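What follows is target-v3.pdb (PDB, C-alpha atoms).
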ATOM      1  CA  LYS A1128     -75.122 119.979  55.281  1.00  0.00           C
ATOM      2  CA  ASP A1129     -73.807 116.663  53.988  1.00  0.00           C
ATOM      3  CA  GLY A1130     -71.837 115.957  57.133  1.00  0.00           C
ATOM      4  CA  GLY A1131     -68.687 117.805  56.300  1.00  0.00           C
ATOM      5  CA  ARG A1132     -65.977 117.632  53.702  1.00  0.00           C
ATOM      6  CA  ARG A1133     -62.231 117.150  53.894  1.00  0.00           C
ATOM      7  CA  CYS A1134     -60.100 118.959  51.366  1.00  0.00           C
ATOM      8  CA  SER A1135     -56.610 120.314  50.862  1.00  0.00           C
ATOM      9  CA  VAL A1136     -55.290 123.090  48.692  1.00  0.00           C
ATOM     10  CA  VAL A1137     -51.917 124.526  47.716  1.00  0.00           C
ATOM     11  CA  PHE A1138     -51.799 128.171  46.704  1.00  0.00           C
ATOM     12  CA  ASP A1139     -49.304 130.984  46.375  1.00  0.00           C
ATOM     13  CA  THR A1140     -49.436 134.039  48.606  1.00  0.00           C
ATOM     14  CA  PRO A1141     -47.440 137.273  48.639  1.00  0.00           C
ATOM     15  CA  GLN A1142     -44.441 137.027  50.939  1.00  0.00           C
ATOM     16  CA  ASP A1143     -45.736 139.757  53.234  1.00  0.00           C
ATOM     17  CA  TRP A1144     -48.982 137.928  53.987  1.00  0.00           C
ATOM     18  CA  SER A1145     -49.500 136.902  57.578  1.00  0.00           C
ATOM     19  CA  THR A1146     -51.098 133.678  58.814  1.00  0.00           C
ATOM     20  CA  ALA A1147     -54.293 135.682  59.379  1.00  0.00           C
ATOM     21  CA  ASN A1148     -54.370 136.518  55.680  1.00  0.00           C
ATOM     22  CA  TRP A1149     -53.995 132.842  54.774  1.00  0.00           C
ATOM     23  CA  LEU A1150     -56.901 131.879  57.000  1.00  0.00           C
ATOM     24  CA  GLN A1151     -59.041 134.652  55.570  1.00  0.00           C
ATOM     25  CA  ALA A1152     -58.342 133.392  52.047  1.00  0.00           C
ATOM     26  CA  ILE A1153     -59.134 129.770  52.902  1.00  0.00           C
ATOM     27  CA  ILE A1154     -62.221 130.208  55.066  1.00  0.00           C
ATOM     28  CA  CYS A1155     -63.851 132.978  53.064  1.00  0.00           C
ATOM     29  CA  GLY A1156     -63.361 131.088  49.814  1.00  0.00           C
ATOM     30  CA  GLY A1157     -66.815 129.442  49.773  1.00  0.00           C
ATOM     31  CA  PRO A1158     -69.806 130.591  47.742  1.00  0.00           C
ATOM     32  CA  ASN A1159     -70.838 134.027  49.014  1.00  0.00           C
ATOM     33  CA  ASN A1160     -68.534 133.533  52.001  1.00  0.00           C
ATOM     34  CA  SER A1161     -71.047 130.971  53.243  1.00  0.00           C
ATOM     35  CA  ILE A1162     -68.753 128.607  55.149  1.00  0.00           C
ATOM     36  CA  LEU A1163     -69.806 129.000  58.790  1.00  0.00           C
ATOM     37  CA  VAL A1164     -68.307 125.953  60.481  1.00  0.00           C
ATOM     38  CA  VAL A1165     -64.685 125.004  59.981  1.00  0.00           C
ATOM     39  CA  ASP A1166     -62.746 122.465  61.999  1.00  0.00           C
ATOM     40  CA  ASN A1167     -59.273 120.930  61.900  1.00  0.00           C
ATOM     41  CA  VAL A1168     -57.691 123.536  59.683  1.00  0.00           C
ATOM     42  CA  SER A1169     -53.933 123.340  59.374  1.00  0.00           C
ATOM     43  CA  LEU A1170     -51.542 125.427  57.329  1.00  0.00           C
ATOM     44  CA  GLU A1171     -48.190 124.235  56.125  1.00  0.00           C
ATOM     45  CA  ARG A1172     -45.812 126.700  54.554  1.00  0.00           C
ATOM     46  CA  PHE A1173     -43.623 125.509  51.692  1.00  0.00           C
ATOM     47  CA  ASP A1174     -41.121 128.231  50.929  1.00  0.00           C
ATOM     48  CA  GLY A1175     -37.864 126.375  50.533  1.00  0.00           C
ATOM     49  CA  SER A1176     -37.161 126.509  54.254  1.00  0.00           C
ATOM     50  CA  THR A1177     -38.308 124.173  56.980  1.00  0.00           C
ATOM     51  CA  SER A1178     -42.056 123.765  56.649  1.00  0.00           C
ATOM     52  CA  VAL A1179     -44.168 125.175  59.469  1.00  0.00           C
ATOM     53  CA  THR A1180     -47.586 123.773  60.351  1.00  0.00           C
ATOM     54  CA  ALA A1181     -50.044 126.004  62.229  1.00  0.00           C
ATOM     55  CA  PRO A1182     -53.086 124.052  63.466  1.00  0.00           C
ATOM     56  CA  ILE A1183     -56.218 126.134  63.955  1.00  0.00           C
ATOM     57  CA  SER A1184     -59.278 124.592  65.593  1.00  0.00           C
ATOM     58  CA  MET A1185     -62.779 126.045  65.461  1.00  0.00           C
ATOM     59  CA  ASN A1186     -65.747 124.016  66.610  1.00  0.00           C
ATOM     60  CA  ASP A1187     -69.464 124.758  66.341  1.00  0.00           C
ATOM     61  CA  ASP A1188     -70.222 122.817  69.533  1.00  0.00           C
ATOM     62  CA  PRO A1189     -70.880 125.341  72.359  1.00  0.00           C
ATOM     63  CA  ASP A1190     -69.508 122.846  74.874  1.00  0.00           C
ATOM     64  CA  GLU A1191     -66.153 123.145  73.152  1.00  0.00           C
ATOM     65  CA  TYR A1192     -65.927 126.930  73.554  1.00  0.00           C
ATOM     66  CA  ASN A1193     -63.969 126.441  76.766  1.00  0.00           C
ATOM     67  CA  LYS A1194     -61.038 124.792  74.984  1.00  0.00           C
ATOM     68  CA  ILE A1195     -58.054 126.402  73.286  1.00  0.00           C
ATOM     69  CA  GLN A1196     -55.462 124.676  71.140  1.00  0.00           C
ATOM     70  CA  LEU A1197     -51.848 125.605  71.875  1.00  0.00           C
ATOM     71  CA  SER A1198     -48.472 124.137  71.156  1.00  0.00           C
ATOM     72  CA  GLN A1199     -47.522 121.154  73.296  1.00  0.00           C
ATOM     73  CA  LYS A1200     -44.758 123.217  74.865  1.00  0.00           C
ATOM     74  CA  ALA A1201     -47.173 125.968  75.933  1.00  0.00           C
ATOM     75  CA  ALA A1202     -49.709 123.509  77.327  1.00  0.00           C
ATOM     76  CA  GLU A1203     -46.915 121.873  79.297  1.00  0.00           C
ATOM     77  CA  CYS A1204     -45.902 125.133  80.963  1.00  0.00           C
ATOM     78  CA  TRP A1205     -49.320 126.710  81.514  1.00  0.00           C
ATOM     79  CA  THR A1206     -50.666 125.446  84.819  1.00  0.00           C
ATOM     80  CA  PRO A1207     -54.233 125.097  86.168  1.00  0.00           C
ATOM     81  CA  GLY A1208     -55.361 128.200  88.035  1.00  0.00           C
ATOM     82  CA  SER A1209     -53.423 130.557  85.779  1.00  0.00           C
ATOM     83  CA  GLU A1210     -55.221 133.363  83.987  1.00  0.00           C
ATOM     84  CA  ILE A1211     -55.034 133.993  80.279  1.00  0.00           C
ATOM     85  CA  LEU A1212     -55.859 137.005  78.148  1.00  0.00           C
ATOM     86  CA  ILE A1213     -57.509 136.603  74.727  1.00  0.00           C
ATOM     87  CA  THR A1214     -57.127 139.817  72.766  1.00  0.00           C
ATOM     88  CA  SER A1215     -59.854 141.412  70.679  1.00  0.00           C
ATOM     89  CA  ASN A1216     -60.325 140.342  67.067  1.00  0.00           C
ATOM     90  CA  ASN A1217     -61.551 143.735  65.852  1.00  0.00           C
ATOM     91  CA  GLU A1218     -60.957 147.458  66.173  1.00  0.00           C
ATOM     92  CA  ASP A1219     -62.642 147.515  69.595  1.00  0.00           C
ATOM     93  CA  TRP A1220     -59.486 146.848  71.607  1.00  0.00           C
ATOM     94  CA  THR A1221     -61.524 146.655  74.839  1.00  0.00           C
ATOM     95  CA  ALA A1222     -63.312 143.501  73.609  1.00  0.00           C
ATOM     96  CA  HIS A1223     -60.720 141.202  75.128  1.00  0.00           C
ATOM     97  CA  GLN A1224     -61.597 138.161  77.224  1.00  0.00           C
ATOM     98  CA  LEU A1225     -60.132 136.811  80.458  1.00  0.00           C
ATOM     99  CA  ALA A1226     -60.290 133.172  81.462  1.00  0.00           C
ATOM    100  CA  THR A1227     -58.804 130.790  84.022  1.00  0.00           C
ATOM    101  CA  ILE A1228     -57.140 127.514  83.095  1.00  0.00           C
ATOM    102  CA  LYS A1229     -58.906 124.462  84.530  1.00  0.00           C
ATOM    103  CA  SER A1230     -56.705 121.716  83.107  1.00  0.00           C
ATOM    104  CA  THR A1231     -54.077 121.099  80.460  1.00  0.00           C
ATOM    105  CA  ASP A1232     -53.294 118.223  78.130  1.00  0.00           C
ATOM    106  CA  PRO A1233     -49.688 118.634  76.963  1.00  0.00           C
ATOM    107  CA  GLU A1234     -49.944 115.597  74.687  1.00  0.00           C
ATOM    108  CA  SER A1235     -52.618 117.226  72.514  1.00  0.00           C
ATOM    109  CA  GLY A1236     -51.637 120.819  73.290  1.00  0.00           C
ATOM    110  CA  THR A1237     -55.140 121.582  74.601  1.00  0.00           C
ATOM    111  CA  ILE A1238     -56.046 123.710  77.599  1.00  0.00           C
ATOM    112  CA  THR A1239     -59.525 123.624  79.142  1.00  0.00           C
ATOM    113  CA  LEU A1240     -60.896 126.747  80.820  1.00  0.00           C
ATOM    114  CA  THR A1241     -63.151 127.037  83.859  1.00  0.00           C
ATOM    115  CA  SER A1242     -65.768 128.901  81.799  1.00  0.00           C
ATOM    116  CA  ASN A1243     -66.784 129.216  78.187  1.00  0.00           C
ATOM    117  CA  ILE A1244     -65.349 131.988  76.044  1.00  0.00           C
ATOM    118  CA  ASP A1245     -67.010 133.723  73.143  1.00  0.00           C
ATOM    119  CA  PRO A1246     -65.912 132.007  69.936  1.00  0.00           C
ATOM    120  CA  VAL A1247     -63.538 134.110  67.874  1.00  0.00           C
ATOM    121  CA  SER A1248     -64.179 133.697  64.167  1.00  0.00           C
ATOM    122  CA  THR A1249     -61.799 134.692  61.417  1.00  0.00           C
ATOM    123  CA  LEU A1250     -64.891 135.333  59.304  1.00  0.00           C
ATOM    124  CA  THR A1251     -65.612 138.490  61.301  1.00  0.00           C
ATOM    125  CA  SER A1252     -62.016 139.475  61.893  1.00  0.00           C
ATOM    126  CA  HIS A1253     -59.918 141.846  59.855  1.00  0.00           C
ATOM    127  CA  PRO A1254     -56.476 140.360  59.156  1.00  0.00           C
ATOM    128  CA  ASP A1255     -54.900 143.311  60.970  1.00  0.00           C
ATOM    129  CA  TYR A1256     -56.541 142.183  64.220  1.00  0.00           C
ATOM    130  CA  ALA A1257     -55.135 138.703  64.661  1.00  0.00           C
ATOM    131  CA  VAL A1258     -56.027 137.318  68.105  1.00  0.00           C
ATOM    132  CA  GLU A1259     -53.212 136.674  70.555  1.00  0.00           C
ATOM    133  CA  ILE A1260     -53.316 134.653  73.773  1.00  0.00           C
ATOM    134  CA  ALA A1261     -51.157 135.740  76.696  1.00  0.00           C
ATOM    135  CA  LEU A1262     -50.443 134.012  79.980  1.00  0.00           C
ATOM    136  CA  LEU A1263     -50.968 136.587  82.751  1.00  0.00           C
ATOM    137  CA  ASN A1264     -49.216 134.811  85.625  1.00  0.00           C
ATOM    138  CA  ARG A1265     -45.619 134.070  86.560  1.00  0.00           C
ATOM    139  CA  ARG A1266     -44.239 132.041  89.458  1.00  0.00           C
ATOM    140  CA  ILE A1267     -42.306 135.012  90.873  1.00  0.00           C
ATOM    141  CA  VAL A1268     -44.588 137.935  91.761  1.00  0.00           C
ATOM    142  CA  PHE A1269     -43.672 141.481  92.801  1.00  0.00           C
ATOM    143  CA  GLU A1270     -46.870 143.024  94.192  1.00  0.00           C
ATOM    144  CA  ALA A1271     -47.206 146.384  95.909  1.00  0.00           C
ATOM    145  CA  GLU A1272     -49.799 147.167  98.543  1.00  0.00           C
ATOM    146  CA  ASP A1273     -52.141 150.068  97.892  1.00  0.00           C
ATOM    147  CA  ASP A1274     -51.234 153.349  99.521  1.00  0.00           C
ATOM    148  CA  ASP A1275     -53.755 154.218 102.234  1.00  0.00           C
ATOM    149  CA  ASP A1276     -54.254 157.723 100.875  1.00  0.00           C
ATOM    150  CA  ASP A1277     -54.336 156.997  97.142  1.00  0.00           C
ATOM    151  CA  ASP A1278     -54.995 153.667  95.449  1.00  0.00           C
ATOM    152  CA  LEU A1279     -52.980 154.768  92.396  1.00  0.00           C
ATOM    153  CA  MET A1280     -49.723 154.832  94.358  1.00  0.00           C
ATOM    154  CA  GLY A1281     -48.020 151.472  94.005  1.00  0.00           C
ATOM    155  CA  GLY A1282     -44.438 150.331  93.945  1.00  0.00           C
ATOM    156  CA  HIS A1283     -41.808 151.132  91.335  1.00  0.00           C
ATOM    157  CA  LEU A1284     -38.702 149.455  89.952  1.00  0.00           C
ATOM    158  CA  ILE A1285     -35.884 151.617  88.635  1.00  0.00           C
ATOM    159  CA  VAL A1286     -32.471 150.778  87.210  1.00  0.00           C
ATOM    160  CA  PHE A1287     -30.752 154.058  88.082  1.00  0.00           C
ATOM    161  CA  LYS A1288     -27.687 155.420  86.280  1.00  0.00           C
ATOM    162  CA  THR A1289     -25.784 152.163  85.899  1.00  0.00           C
ATOM    163  CA  PRO A1290     -23.864 152.507  82.608  1.00  0.00           C
ATOM    164  CA  ASN A1291     -22.112 149.437  81.207  1.00  0.00           C
ATOM    165  CA  VAL A1292     -23.793 147.116  83.713  1.00  0.00           C
ATOM    166  CA  ILE A1293     -25.729 144.206  82.205  1.00  0.00           C
ATOM    167  CA  GLN A1294     -29.215 143.885  83.748  1.00  0.00           C
ATOM    168  CA  HIS A1295     -31.473 140.836  83.369  1.00  0.00           C
ATOM    169  CA  LEU A1296     -35.168 140.763  84.319  1.00  0.00           C
ATOM    170  CA  GLU A1297     -37.012 137.697  83.033  1.00  0.00           C
ATOM    171  CA  GLY A1298     -40.136 135.736  83.876  1.00  0.00           C
ATOM    172  CA  VAL A1299     -41.624 137.802  86.708  1.00  0.00           C
ATOM    173  CA  GLU A1300     -45.109 139.184  87.321  1.00  0.00           C
ATOM    174  CA  ILE A1301     -45.315 142.808  88.470  1.00  0.00           C
ATOM    175  CA  ARG A1302     -48.613 143.978  89.979  1.00  0.00           C
ATOM    176  CA  ASN A1303     -49.790 147.371  91.198  1.00  0.00           C
ATOM    177  CA  PHE A1304     -46.563 149.177  90.371  1.00  0.00           C
ATOM    178  CA  GLY A1305     -46.268 152.730  89.107  1.00  0.00           C
ATOM    179  CA  GLN A1306     -47.220 155.929  90.890  1.00  0.00           C
ATOM    180  CA  GLN A1307     -49.664 158.038  88.940  1.00  0.00           C
ATOM    181  CA  GLY A1308     -48.548 161.668  88.725  1.00  0.00           C
ATOM    182  CA  ASN A1309     -45.066 161.014  90.140  1.00  0.00           C
ATOM    183  CA  LEU A1310     -42.447 161.534  87.461  1.00  0.00           C
ATOM    184  CA  GLY A1311     -40.159 158.550  86.890  1.00  0.00           C
ATOM    185  CA  ARG A1312     -42.137 156.063  88.963  1.00  0.00           C
ATOM    186  CA  TYR A1313     -42.964 153.136  86.676  1.00  0.00           C
ATOM    187  CA  PRO A1314     -43.181 149.317  86.928  1.00  0.00           C
ATOM    188  CA  VAL A1315     -39.976 148.745  84.901  1.00  0.00           C
ATOM    189  CA  HIS A1316     -37.749 151.773  84.338  1.00  0.00           C
ATOM    190  CA  PHE A1317     -34.200 152.187  83.045  1.00  0.00           C
ATOM    191  CA  HIS A1318     -33.170 155.749  83.975  1.00  0.00           C
ATOM    192  CA  LEU A1319     -30.209 157.554  82.385  1.00  0.00           C
ATOM    193  CA  CYS A1320     -28.109 154.405  82.187  1.00  0.00           C
ATOM    194  CA  ASP A1321     -26.444 155.348  78.878  1.00  0.00           C
ATOM    195  CA  SER A1322     -25.142 152.092  77.327  1.00  0.00           C
ATOM    196  CA  VAL A1323     -26.607 148.887  78.770  1.00  0.00           C
ATOM    197  CA  PHE A1324     -25.856 146.587  75.839  1.00  0.00           C
ATOM    198  CA  GLY A1325     -26.432 142.961  76.798  1.00  0.00           C
ATOM    199  CA  SER A1326     -29.322 143.821  79.138  1.00  0.00           C
ATOM    200  CA  VAL A1327     -32.552 141.863  78.709  1.00  0.00           C
ATOM    201  CA  VAL A1328     -36.138 142.484  79.855  1.00  0.00           C
ATOM    202  CA  LYS A1329     -37.984 139.384  78.700  1.00  0.00           C
ATOM    203  CA  LYS A1330     -41.130 137.289  79.270  1.00  0.00           C
ATOM    204  CA  ASN A1331     -42.408 139.475  82.109  1.00  0.00           C
ATOM    205  CA  VAL A1332     -45.972 140.549  82.902  1.00  0.00           C
ATOM    206  CA  VAL A1333     -46.962 144.024  84.097  1.00  0.00           C
ATOM    207  CA  ARG A1334     -50.543 144.119  85.400  1.00  0.00           C
ATOM    208  CA  GLN A1335     -52.679 146.774  87.070  1.00  0.00           C
ATOM    209  CA  SER A1336     -50.069 149.433  86.451  1.00  0.00           C
ATOM    210  CA  ASN A1337     -50.846 152.890  87.766  1.00  0.00           C
ATOM    211  CA  GLN A1338     -48.478 154.623  85.349  1.00  0.00           C
ATOM    212  CA  ARG A1339     -47.062 153.112  82.159  1.00  0.00           C
ATOM    213  CA  CYS A1340     -45.303 149.728  82.003  1.00  0.00           C
ATOM    214  CA  TYR A1341     -41.846 149.422  80.404  1.00  0.00           C
ATOM    215  CA  VAL A1342     -39.903 152.702  80.187  1.00  0.00           C
ATOM    216  CA  MET A1343     -36.441 153.252  78.695  1.00  0.00           C
ATOM    217  CA  HIS A1344     -35.141 156.744  79.476  1.00  0.00           C
ATOM    218  CA  GLY A1345     -31.702 157.721  78.241  1.00  0.00           C
ATOM    219  CA  SER A1346     -30.680 154.062  78.140  1.00  0.00           C
ATOM    220  CA  ASN A1347     -29.503 152.295  75.003  1.00  0.00           C
ATOM    221  CA  GLY A1348     -28.998 148.705  73.898  1.00  0.00           C
ATOM    222  CA  ALA A1349     -31.456 146.806  76.105  1.00  0.00           C
ATOM    223  CA  VAL A1350     -33.528 144.032  74.506  1.00  0.00           C
ATOM    224  CA  ILE A1351     -37.250 144.260  75.372  1.00  0.00           C
ATOM    225  CA  GLU A1352     -38.826 140.996  74.201  1.00  0.00           C
ATOM    226  CA  ASP A1353     -41.922 138.807  74.682  1.00  0.00           C
ATOM    227  CA  ASN A1354     -43.339 140.888  77.527  1.00  0.00           C
ATOM    228  CA  VAL A1355     -47.016 141.298  78.406  1.00  0.00           C
ATOM    229  CA  ALA A1356     -48.693 144.502  79.537  1.00  0.00           C
ATOM    230  CA  PHE A1357     -52.343 144.515  80.628  1.00  0.00           C
ATOM    231  CA  ASP A1358     -54.779 146.693  82.586  1.00  0.00           C
ATOM    232  CA  ALA A1359     -52.540 149.745  82.739  1.00  0.00           C
ATOM    233  CA  PHE A1360     -52.808 153.525  82.823  1.00  0.00           C
ATOM    234  CA  GLY A1361     -50.808 155.308  80.148  1.00  0.00           C
ATOM    235  CA  HIS A1362     -48.366 154.086  77.535  1.00  0.00           C
ATOM    236  CA  CYS A1363     -47.289 150.459  77.948  1.00  0.00           C
ATOM    237  CA  TYR A1364     -43.982 150.845  76.112  1.00  0.00           C
ATOM    238  CA  MET A1365     -42.142 154.155  76.162  1.00  0.00           C
ATOM    239  CA  THR A1366     -38.724 155.469  75.183  1.00  0.00           C
ATOM    240  CA  GLU A1367     -37.416 158.905  76.113  1.00  0.00           C
ATOM    241  CA  ASP A1368     -34.274 160.528  74.766  1.00  0.00           C
TER
END

Encoding of this model in structure tokens:
Amino acid sequence: KDGGRRCSVVFDTPQDWSTANWLQAIICGGPNNSILVVDNVSLERFDGSTSVTAPISMNDDPDEYNKIQLSQKAAECWTPGSEILITSNNEDWTAHQLATIKSTDPESGTITLTSNIDPVSTLTSHPDYAVEIALLNRRIVFEAEDDDDDDLMGGHLIVFKTPNVIQHLEGVEIRNFGQQGNLGRYPVHFHLCDSVFGSVVKKNVVRQSNQRCYVMHGSNGAVIEDNVAFDAFGHCYMTED
């Protein structure tokens, strides 16, 4: 009520604590957990290695609810018109939010959205439900048309029995793939390839999948990393021996 207060604190945390735990400890540290408005919070880790600063911005101004703070690198790459996913901050995994990027400011690392989003507060979040933000678009898009007889019959992509062949799928958006009820018809599927060491499936997006997302069947050694799966039927990540 006195116009705000600037403070800094150094404290020890167990090594297995996540950033969400740190925020919970800082923000809920007021009398009776009474701190409701927090802005310009930054965390810097001192653990003998290179220090890492994680800026977190929360603003009580409703007009600011359409802004999200990212790294400068992310704001540089995320382009106006792209969609983003903001995951739920509680056990209700369906409470995610979708938004469209209106503009970006790489210098400050800020993106502005076309509409306001519900503020996500660490005060109401359990540390196990840390919010993540995912970019849902890629410049290269594989999109299947709907089957006339069944709208759950899309395309499918299969790497079929190619042992010792390095495969690389990175940075593409895959929409309306998968064929519900048809065995082995998935958006990204390695099928009985045996050893595929050196293969990479990375930074892709699978959206509106009719049957699962990333499936590894009888295929060993592939790296599955930094992918997004959203709005899908069935398991998003699956291995089968």

Exercise for the section: Expand the PyMOL selection byres ((chain A and resi 1323-1325) around 9) into the individual residues it matches in the shown file, reporting them as a list in words. Expected result: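 Against this file, the PyMOL selection byres ((chain A and resi 1323-1325) around 9) returns the residues Thr1289, Pro1290, Asn1291, Val1292, Ile1293, Gln1294, His1295, Cys1320, Asp1321, Ser1322, Ser1326, Val1327, Ser1346, Asn1347, Gly1348, Ala1349 and Val1350 of chain A.
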
Export C-alpha atoms of the chosen residues as a short mmCIF file (atom, residue, chain, number, x, y, z; two decimals), keeping the file's coordinate frame?
data_model
loop_
_atom_site.label_atom_id
_atom_site.label_comp_id
_atom_site.auth_asym_id
_atom_site.auth_seq_id
_atom_site.Cartn_x
_atom_site.Cartn_y
_atom_site.Cartn_z
CA THR A 1289 -25.78 152.16 85.90
CA PRO A 1290 -23.86 152.51 82.61
CA ASN A 1291 -22.11 149.44 81.21
CA VAL A 1292 -23.79 147.12 83.71
CA ILE A 1293 -25.73 144.21 82.20
CA GLN A 1294 -29.22 143.88 83.75
CA HIS A 1295 -31.47 140.84 83.37
CA CYS A 1320 -28.11 154.40 82.19
CA ASP A 1321 -26.44 155.35 78.88
CA SER A 1322 -25.14 152.09 77.33
CA SER A 1326 -29.32 143.82 79.14
CA VAL A 1327 -32.55 141.86 78.71
CA SER A 1346 -30.68 154.06 78.14
CA ASN A 1347 -29.50 152.29 75.00
CA GLY A 1348 -29.00 148.71 73.90
CA ALA A 1349 -31.46 146.81 76.10
CA VAL A 1350 -33.53 144.03 74.51
#

Problem - the PyMOL selection byres ((chain A and resi 1340) around 10) resolved against shown file, as a list in words - result: Ile1301, Phe1304, Gly1305, Arg1312, Tyr1313, Pro1314, Val1315, His1316, Val1332, Val1333, Arg1334, Gln1335, Ser1336, Asn1337, Gln1338, Arg1339, Tyr1341, Val1342, Val1355, Ala1356, Phe1357, Asp1358, Ala1359, Phe1360, Gly1361, His1362, Cys1363, Tyr1364 and Met1365 of chain A

Handout entry: Nearby residues (all atoms listed in the file) at most 9 Å from range 1257-1267 of chain A, same-chain spacing under 5 positions excluded, as a ChimeraX atom specification
Key = /A:1146-1147,1205,1209-1217,1247,1249,1252,1298-1301,1331-1334,1355-1357

Practice task
Identify which of the residues A:Glu1218, A:Gln1306, A:Gly1282, A:Thr1237 lies closest to Tyr1256 in chain A, counting all atoms listed in the file when measuring atom-to-atom distances.
Solution key: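 Between A:Glu1218, A:Gln1306, A:Gly1282, A:Thr1237, the residue approaching Tyr1256 in chain A most closely is A:Glu1218.
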
Problem - Proximity to Gly1208 in chain A - best of A:Gln1196, A:Asn1354, A:Asn1309, A:Thr1227, only C-alpha atoms - result: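 Smallest separation from Gly1208 in chain A among the options: A:Thr1227.
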
Exercise for the section: Could you state which residues are captured by the PyMOL selection byres ((chain A and resi 1238) around 6) in this file, as a list in words? Expected result: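 Given this file, the PyMOL selection byres ((chain A and resi 1238) around 6) evaluates to Lys1194, Ile1195, Ser1230, Thr1231, Thr1237 and Thr1239 of chain A.
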
Practice task
Tell me, in Å to one decimal, how far CA of Phe1269 in chain A is from CA of Leu1225 in chain A.
Solution key: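 CA of Phe1269 in chain A sits 21.1 Å away from CA of Leu1225 in chain A.
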
Exercise for the section: Write out as a VMD selection string which residues come within 6 Å of Asn1193 in chain A when counting only C-alpha atoms, dropping same-chain ones fewer than 4 positions away. Expected result: chain A and resid 1239 to 1240 1242 to 1244

Practice task
Kindly give the distance, in Å, that separates CA of Asp1368 in chain A and CA of Gly1308 in chain A, rounded to a single decimal.
Solution key: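 One can read the CA of Asp1368 in chain A to CA of Gly1308 in chain A distance as 20.0 Å.
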
Practice task
For CA of Leu1319 in chain A and CA of Lys1288 in chain A, quote the distance in Å rounded to one decimal.
Solution key: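 If I compute the distance from CA of Leu1319 in chain A to CA of Lys1288 in chain A, I get 5.1 Å.
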
Exercise for the section: Could you tell me which of A:His1223, A:Arg1302, A:Lys1329, A:His1318 comes closest to Ile1285 in chain A if we count only C-alpha atoms? Expected result: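 Nearest candidate to Ile1285 in chain A out of A:His1223, A:Arg1302, A:Lys1329, A:His1318: A:His1318.
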
Please, what is the axis-aligned box for every listed atom of range 1342-1356 of chain A with 8 Å on each side, as centre and edge lengths in Å to one decimal, as lines of an AutoDock Vina configuration file?
center_x = -38.8
center_y = 148.3
center_z = 77.0
size_x = 35.7
size_y = 34.9
size_z = 22.3

Exercise for the section: Tell me which of A:Glu1297, A:Asp1276, A:Glu1352, A:Asp1232 sits closest to Ala1201 in chain A, counting all atoms listed in the file. Expected result: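 Of the candidates, the smallest distance to Ala1201 in chain A is held by A:Asp1232.
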
Handout entry: Using only C-alpha atoms: which of A:Glu1270, A:Asp1353, A:Thr1366, A:Asp1278 has the shortest distance to Phe1317 in chain A
Key =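 Nearest candidate to Phe1317 in chain A out of A:Glu1270, A:Asp1353, A:Thr1366, A:Asp1278: A:Thr1366.
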
Practice task
Tell me which of A:His1344, A:Thr1241, A:Leu1310, A:Gly1236 sits closest to Leu1197 in chain A, counting only C-alpha atoms.
Solution key: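 Closest candidate: A:Gly1236.
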
Would you mind completing range 1286-1297 of chain A to N, CA and C atoms and writing the output as an mmCIF file, keeping the file's coordinate frame?
data_model
loop_
_atom_site.group_PDB
_atom_site.id
_atom_site.type_symbol
_atom_site.label_atom_id
_atom_site.label_comp_id
_atom_site.auth_asym_id
_atom_site.auth_seq_id
_atom_site.Cartn_x
_atom_site.Cartn_y
_atom_site.Cartn_z
ATOM 1 N N VAL A 1286 -33.899 151.027 87.400
ATOM 2 C CA VAL A 1286 -32.471 150.778 87.210
ATOM 3 C C VAL A 1286 -31.852 152.157 86.999
ATOM 4 N N PHE A 1287 -31.081 152.632 87.970
ATOM 5 C CA PHE A 1287 -30.752 154.058 88.082
ATOM 6 C C PHE A 1287 -29.280 154.331 87.783
ATOM 7 N N LYS A 1288 -29.036 154.940 86.625
ATOM 8 C CA LYS A 1288 -27.687 155.420 86.280
ATOM 9 C C LYS A 1288 -26.612 154.356 86.496
ATOM 10 N N THR A 1289 -26.784 153.240 85.800
ATOM 11 C CA THR A 1289 -25.784 152.163 85.899
ATOM 12 C C THR A 1289 -25.243 151.858 84.502
ATOM 13 N N PRO A 1290 -24.414 152.744 83.946
ATOM 14 C CA PRO A 1290 -23.864 152.507 82.608
ATOM 15 C C PRO A 1290 -22.949 151.288 82.582
ATOM 16 N N ASN A 1291 -23.003 150.573 81.458
ATOM 17 C CA ASN A 1291 -22.112 149.437 81.207
ATOM 18 C C ASN A 1291 -22.296 148.298 82.213
ATOM 19 N N VAL A 1292 -23.458 148.235 82.818
ATOM 20 C CA VAL A 1292 -23.793 147.116 83.713
ATOM 21 C C VAL A 1292 -24.924 146.329 83.066
ATOM 22 N N ILE A 1293 -24.714 145.039 82.841
ATOM 23 C CA ILE A 1293 -25.729 144.206 82.205
ATOM 24 C C ILE A 1293 -26.814 143.850 83.227
ATOM 25 N N GLN A 1294 -28.069 144.171 82.887
ATOM 26 C CA GLN A 1294 -29.215 143.885 83.748
ATOM 27 C C GLN A 1294 -30.056 142.786 83.094
ATOM 28 N N HIS A 1295 -30.676 141.926 83.913
ATOM 29 C CA HIS A 1295 -31.473 140.836 83.369
ATOM 30 C C HIS A 1295 -32.727 140.662 84.229
ATOM 31 N N LEU A 1296 -33.882 140.936 83.636
ATOM 32 C CA LEU A 1296 -35.168 140.763 84.319
ATOM 33 C C LEU A 1296 -36.031 139.877 83.437
ATOM 34 N N GLU A 1297 -36.310 138.656 83.885
ATOM 35 C CA GLU A 1297 -37.012 137.697 83.033
ATOM 36 C C GLU A 1297 -37.974 136.847 83.854
#
